[in-house]
Amino acid sequence: MRTTSRARVAPSVRSRATRARGRAASRASVQSTSRAVRGVVARGRVVARASVDPTVFVASSDLRVAYQGVPGAYSEGAALAAYENCETVPKEQFDDVYAATEAQEVDRAVLPFENSLGGSIHRNYDLILTHKLHVVGEVYYRVNHCLLALPGQRVADLTRAQSHPQALAQCEGYLTNLKMVREAVDDTAGAAKAIAEAGAKGVAAVASRRAAELYGLEVYDEGIQDDKSNVTRFLALSREPIPAMQTDVPYKTSIAVSLKEEPGALFKALACFSLRDINMTKIESRPMRTNPVTSAGARQSMQFTYLFYIDFEANMADENMQNALRHLQESATFLRVLGSYPRDCSQL
């Protein structure tokens, strides 16, 4: 792809005001951020962290957090893990979660972006670029599938299993051994809710223990996934980014970037960070939604134009990171900082 246009850069990259705020961040701001992420000490006892997001300092039932699914979904569990005691607001589709957050119907959104077994949730990577939301936190949430059904039955009586297609696939070996017919539905907790409302016997749902509690079902078995290392990474989104501040709390910064079509373009882009000892934790490419195909090379063959999503272990308040992004601008045709936020350093 040949272009003479200058890279479009998110204001947070080149804003002098942002850099000034970072340099002028007071020691009090550092201390309060550390408390928000790691927990605070009150009256001689440690209080569990109220939020993954340092702009939310205490657990508050006034905070409204949107997620995709119905009550009992794993996404709701992740929202409660991210924002303790918040009011969770279910939405039918990912698009609805973004729209509700932008429209100020809710304060935050918590959405899945990666799963250790299923890979990236591409829909959310596409949507984050078309909406004006910022990443303010992350949660790694362990998925623990349970076999749920109406009380008073035996496992041998359960002949059908309903759940989200991905959940059914993750429990394929277990369900095959029980000779259960698999039936795909929209989501895990939705299957549990439907079985409870219909009073359907002989039908099981693959869902969370919380779904069983909410809909009055019995847990007949737990941890039924074939691979126990089933973890989903959720991102917390807000209308406003985290203000740049110096802190000893480990941070990540996520960006989206497209590069000029030239030999070694990706190598040169990543060198901007490796030369400054900034560690990359993730990189993924997606064909661009606008002008996805271009002609390149000696024979002018057709090929995709790619957008790269990259995560780094760095804070946007750090001058080192700011210099790396300025260096990256020289070879970028598009650059957007999706967010700079505390890393989830908790133990699963």
# chains A, B, ... in the order shown; residues from 1 in each chain; ligands from 1
call {"tool": "residues_around", "arguments": {"residues": "Asp187 in chain A", "least_positions_apart": "4", "cutoff": "9 Å", "atoms": "only C-alpha atoms", "output": "PyMOL selection string"}}
result
chain A and resi 69-70+73+163-165+167+191+207
call {"tool": "write_last_selection", "arguments": {"atoms": "N, CA and C atoms", "output": "mmCIF file, in the first residue's frame"}}
result
data_model
loop_
_atom_site.group_PDB
_atom_site.id
_atom_site.type_symbol
_atom_site.label_atom_id
_atom_site.label_comp_id
_atom_site.auth_asym_id
_atom_site.auth_seq_id
_atom_site.Cartn_x
_atom_site.Cartn_y
_atom_site.Cartn_z
ATOM 1 N N GLY A 69 -25.206 -10.958 27.838
ATOM 2 C CA GLY A 69 -25.761 -12.204 28.340
ATOM 3 C C GLY A 69 -26.912 -11.953 29.293
ATOM 4 N N VAL A 70 -27.268 -12.987 30.060
ATOM 5 C CA VAL A 70 -28.316 -12.888 31.069
ATOM 6 C C VAL A 70 -27.676 -13.130 32.432
ATOM 7 N N ALA A 73 -24.437 -15.397 33.654
ATOM 8 C CA ALA A 73 -23.440 -15.602 32.597
ATOM 9 C C ALA A 73 -22.038 -15.400 33.163
ATOM 10 N N SER A 163 -26.376 -25.408 25.678
ATOM 11 C CA SER A 163 -25.451 -24.351 26.091
ATOM 12 C C SER A 163 -24.966 -23.600 24.860
ATOM 13 N N HIS A 164 -24.103 -22.631 25.092
ATOM 14 C CA HIS A 164 -23.434 -21.921 23.993
ATOM 15 C C HIS A 164 -22.555 -22.915 23.233
ATOM 16 N N PRO A 165 -22.458 -22.782 21.901
ATOM 17 C CA PRO A 165 -21.663 -23.748 21.123
ATOM 18 C C PRO A 165 -20.238 -23.927 21.632
ATOM 19 N N ALA A 167 -19.143 -23.562 24.736
ATOM 20 C CA ALA A 167 -19.171 -24.319 25.988
ATOM 21 C C ALA A 167 -19.399 -25.809 25.715
ATOM 22 N N ALA A 191 -29.441 -20.902 28.711
ATOM 23 C CA ALA A 191 -29.897 -22.291 28.688
ATOM 24 C C ALA A 191 -30.460 -22.692 30.048
ATOM 25 N N ALA A 207 -23.406 -24.597 32.306
ATOM 26 C CA ALA A 207 -23.363 -23.192 32.717
ATOM 27 C C ALA A 207 -22.625 -23.078 34.045
#
call {"tool": "select_by_dssp", "arguments": {"residues": "range 145-338 of chain A", "states": "strand (DSSP E or B)", "output": "number ranges by chain"}}
result
A: 146-149, 160-163, 181-184, 203-207, 218-222, 231-238, 251-259, 280-287, 293-296, 301-304, 306-312, 332-338
call {"tool": "closest_atom_pairs", "arguments": {"of": "range 118-162 of chain A", "to": "range 231-241 of chain A", "cutoff": "9 Å", "atoms": "only C-alpha atoms", "output": "CSV"}}
result
residue,atom,partner,partner_atom,distance
A:Lys132,CA,A:Arg239,CA,6.8
A:Leu133,CA,A:Arg239,CA,4.9
A:His134,CA,A:Pro241,CA,5.3
A:Val135,CA,A:Leu237,CA,4.6
A:Val136,CA,A:Ala236,CA,5.6
A:Gly137,CA,A:Ala236,CA,4.9
A:Glu138,CA,A:Leu235,CA,4.4
A:Val139,CA,A:Phe234,CA,5.1
A:Tyr140,CA,A:Arg233,CA,4.5
A:Tyr141,CA,A:Thr232,CA,5.2
A:Arg142,CA,A:Val231,CA,4.4
A:Val143,CA,A:Val231,CA,5.7
A:Asn144,CA,A:Val231,CA,8.9
call {"tool": "residues_around", "arguments": {"residues": "Asp311 in chain A", "least_positions_apart": "3", "cutoff": "6 Å", "atoms": "only C-alpha atoms", "output": "PyMOL selection string"}}
result
chain A and resi 253-254+280-282
call {"tool": "residues_around", "arguments": {"residues": "Leu117 in chain A", "least_positions_apart": "5", "cutoff": "10 Å", "atoms": "only C-alpha atoms", "output": "MDAnalysis selection string"}}
result
chainID A and resid 166 170 227 229:232
call {"tool": "select_by_dssp", "arguments": {"residues": "range 110-332 of chain A", "states": "helix (DSSP H, G or I)", "output": "MDAnalysis selection string"}}
result
chainID A and resid 122:130 155:157 165:170 172:177 188:198 209:215 265:274 319:329
call {"tool": "closest_residue", "arguments": {"among": "A:Leu111, A:Leu178, A:Leu259, A:Cys171", "to": "Phe308 in chain A", "atoms": "only C-alpha atoms"}}
result
A:Leu259
call {"tool": "atom_distance", "arguments": {"atom1": "CA of Ile195 in chain A", "atom2": "CA of Arg209 in chain A"}}
result
14.8 Å
call {"tool": "atom_distance", "arguments": {"atom1": "CA of Ser208 in chain A", "atom2": "CA of Ser346 in chain A"}}
result
21.1 Å
call {"tool": "atom_distance", "arguments": {"atom1": "CA of Lys201 in chain A", "atom2": "CA of Ala149 in chain A"}}
result
7.5 Å
call {"tool": "closest_residue", "arguments": {"among": "A:Ala79, A:Leu217, A:Leu270, A:Leu127", "to": "Ser331 in chain A", "atoms": "only C-alpha atoms"}}
result
A:Leu270
call {"tool": "closest_atom_pairs", "arguments": {"of": "range 202-264 of chain A", "to": "range 321-327 of chain A", "cutoff": "12 Å", "atoms": "only C-alpha atoms", "output": "CSV"}}
result
residue,atom,partner,partner_atom,distance
A:Ala244,CA,A:Gln322,CA,11.3
A:Tyr251,CA,A:Met321,CA,11.3
A:Lys252,CA,A:Met321,CA,10.7
A:Thr253,CA,A:Met321,CA,9.0
A:Ser254,CA,A:Leu325,CA,11.5
A:Ile255,CA,A:Leu325,CA,9.6
A:Ala256,CA,A:Leu325,CA,11.4
A:Val257,CA,A:Leu325,CA,10.5
call {"tool": "write_last_selection", "arguments": {"atoms": "C-alpha atoms", "output": "CSV table (one decimal), in the first residue's frame"}}
result
chain,number,residue,atom,x,y,z
A,244,ALA,CA,-2.0,9.7,33.1
A,251,TYR,CA,0.4,-1.2,33.8
A,252,LYS,CA,-0.4,-2.3,30.3
A,253,THR,CA,-1.0,-0.1,27.3
A,254,SER,CA,-3.0,-1.4,24.3
A,255,ILE,CA,-2.7,0.1,20.8
A,256,ALA,CA,-4.1,-0.4,17.3
A,257,VAL,CA,-1.8,0.4,14.4
call {"tool": "closest_residue", "arguments": {"among": "A:Arg289, A:Asp221, A:Glu197, A:Ala332", "to": "Lys260 in chain A", "atoms": "only C-alpha atoms"}}
result
A:Ala332
call {"tool": "closest_residue", "arguments": {"among": "A:Leu148, A:Asp107, A:Tyr98, A:Ala82", "to": "Arg64 in chain A", "atoms": "only C-alpha atoms"}}
result
A:Asp107
call {"tool": "residues_around", "arguments": {"residues": "Thr176 in chain A", "least_positions_apart": "3", "cutoff": "12 Å", "atoms": "only C-alpha atoms", "output": "PyMOL selection string"}}
result
chain A and resi 159-161+168-173+179-182+224-226
call {"tool": "write_last_selection", "arguments": {"atoms": "all heavy atoms", "output": "short mmCIF file (atom, residue, chain, number, x, y, z; two decimals), in the first residue's frame"}}
result
data_model
loop_
_atom_site.label_atom_id
_atom_site.label_comp_id
_atom_site.auth_asym_id
_atom_site.auth_seq_id
_atom_site.Cartn_x
_atom_site.Cartn_y
_atom_site.Cartn_z
N THR A 159 -30.62 -36.62 29.05
CA THR A 159 -30.29 -37.11 27.71
C THR A 159 -29.89 -36.00 26.75
O THR A 159 -29.33 -36.28 25.69
CB THR A 159 -31.48 -37.87 27.11
OG1 THR A 159 -32.62 -36.99 27.04
CG2 THR A 159 -31.83 -39.08 27.96
N ARG A 160 -30.16 -34.74 27.11
CA ARG A 160 -29.85 -33.61 26.24
C ARG A 160 -29.09 -32.55 27.04
O ARG A 160 -29.38 -32.33 28.22
CB ARG A 160 -31.12 -33.00 25.65
CG ARG A 160 -31.91 -33.96 24.75
CD ARG A 160 -33.39 -33.58 24.71
NE ARG A 160 -33.61 -32.18 24.36
CZ ARG A 160 -34.72 -31.51 24.69
NH1 ARG A 160 -35.69 -32.10 25.39
NH2 ARG A 160 -34.86 -30.25 24.32
N ALA A 161 -28.15 -31.90 26.37
CA ALA A 161 -27.39 -30.82 27.00
C ALA A 161 -27.48 -29.57 26.13
O ALA A 161 -27.22 -29.62 24.93
CB ALA A 161 -25.92 -31.22 27.17
N LEU A 168 -20.28 -26.12 24.77
CA LEU A 168 -20.52 -27.52 24.42
C LEU A 168 -19.25 -28.15 23.85
O LEU A 168 -18.93 -29.31 24.17
CB LEU A 168 -21.66 -27.61 23.39
CG LEU A 168 -23.06 -27.23 23.91
CD1 LEU A 168 -24.05 -27.23 22.76
CD2 LEU A 168 -23.51 -28.17 25.01
N ALA A 169 -18.53 -27.40 23.02
CA ALA A 169 -17.30 -27.92 22.44
C ALA A 169 -16.25 -28.16 23.51
O ALA A 169 -15.48 -29.13 23.45
CB ALA A 169 -16.76 -26.95 21.39
N GLN A 170 -16.20 -27.30 24.53
CA GLN A 170 -15.21 -27.43 25.59
C GLN A 170 -15.52 -28.61 26.52
O GLN A 170 -14.65 -29.06 27.27
CB GLN A 170 -15.15 -26.13 26.40
CG GLN A 170 -14.57 -24.97 25.60
CD GLN A 170 -14.76 -23.62 26.29
OE1 GLN A 170 -15.38 -23.54 27.34
NE2 GLN A 170 -14.23 -22.58 25.67
N CYS A 171 -16.76 -29.11 26.47
CA CYS A 171 -17.16 -30.27 27.30
C CYS A 171 -17.49 -31.48 26.44
O CYS A 171 -18.19 -32.40 26.90
CB CYS A 171 -18.37 -29.90 28.15
SG CYS A 171 -18.13 -28.46 29.21
N GLU A 172 -17.01 -31.51 25.22
CA GLU A 172 -17.40 -32.55 24.27
C GLU A 172 -17.10 -33.96 24.79
O GLU A 172 -17.94 -34.87 24.69
CB GLU A 172 -16.71 -32.33 22.93
CG GLU A 172 -17.12 -33.33 21.86
CD GLU A 172 -16.52 -33.00 20.50
OE1 GLU A 172 -15.77 -32.01 20.40
OE2 GLU A 172 -16.80 -33.74 19.55
N GLY A 173 -15.91 -34.16 25.32
CA GLY A 173 -15.54 -35.49 25.81
C GLY A 173 -16.44 -35.95 26.93
O GLY A 173 -16.91 -37.10 26.95
N LYS A 179 -23.30 -39.84 26.64
CA LYS A 179 -24.17 -40.07 25.48
C LYS A 179 -25.32 -39.06 25.44
O LYS A 179 -26.48 -39.39 25.14
CB LYS A 179 -24.72 -41.49 25.49
CG LYS A 179 -23.62 -42.54 25.40
CD LYS A 179 -24.15 -43.95 25.42
CE LYS A 179 -22.98 -44.94 25.30
NZ LYS A 179 -23.40 -46.34 25.45
N MET A 180 -24.96 -37.79 25.71
CA MET A 180 -25.96 -36.72 25.72
C MET A 180 -25.98 -36.02 24.36
O MET A 180 -24.93 -35.71 23.79
CB MET A 180 -25.66 -35.72 26.83
CG MET A 180 -25.71 -36.33 28.23
SD MET A 180 -25.41 -35.12 29.53
CE MET A 180 -26.93 -34.18 29.47
N VAL A 181 -27.17 -35.75 23.86
CA VAL A 181 -27.34 -35.00 22.62
C VAL A 181 -27.08 -33.53 22.91
O VAL A 181 -27.63 -32.96 23.87
CB VAL A 181 -28.76 -35.19 22.05
CG1 VAL A 181 -28.95 -34.34 20.80
CG2 VAL A 181 -29.02 -36.66 21.75
N ARG A 182 -26.25 -32.90 22.11
CA ARG A 182 -25.88 -31.50 22.34
C ARG A 182 -26.76 -30.56 21.51
O ARG A 182 -26.94 -30.77 20.31
CB ARG A 182 -24.40 -31.28 22.02
CG ARG A 182 -23.50 -32.05 22.98
CD ARG A 182 -22.03 -31.93 22.66
NE ARG A 182 -21.63 -32.80 21.57
CZ ARG A 182 -21.40 -34.12 21.70
NH1 ARG A 182 -21.58 -34.71 22.87
NH2 ARG A 182 -21.00 -34.83 20.68
N ILE A 224 -16.63 -29.78 34.41
CA ILE A 224 -16.82 -30.83 33.41
C ILE A 224 -16.11 -30.53 32.09
O ILE A 224 -16.18 -31.33 31.16
CB ILE A 224 -18.33 -31.06 33.14
CG1 ILE A 224 -18.97 -29.83 32.50
CG2 ILE A 224 -19.05 -31.45 34.43
CD1 ILE A 224 -20.41 -30.05 32.07
N GLN A 225 -15.42 -29.40 31.99
CA GLN A 225 -14.70 -29.08 30.75
C GLN A 225 -13.55 -30.07 30.56
O GLN A 225 -12.93 -30.52 31.53
CB GLN A 225 -14.17 -27.64 30.77
CG GLN A 225 -13.25 -27.29 31.90
CD GLN A 225 -13.98 -26.77 33.14
OE1 GLN A 225 -15.18 -26.94 33.28
NE2 GLN A 225 -13.23 -26.13 34.03
N ASP A 226 -13.29 -30.41 29.31
CA ASP A 226 -12.23 -31.38 29.00
C ASP A 226 -10.85 -30.83 29.35
O ASP A 226 -9.96 -31.58 29.74
CB ASP A 226 -12.29 -31.76 27.52
CG ASP A 226 -13.62 -32.41 27.15
OD1 ASP A 226 -14.23 -33.03 28.03
OD2 ASP A 226 -14.05 -32.28 25.99
#
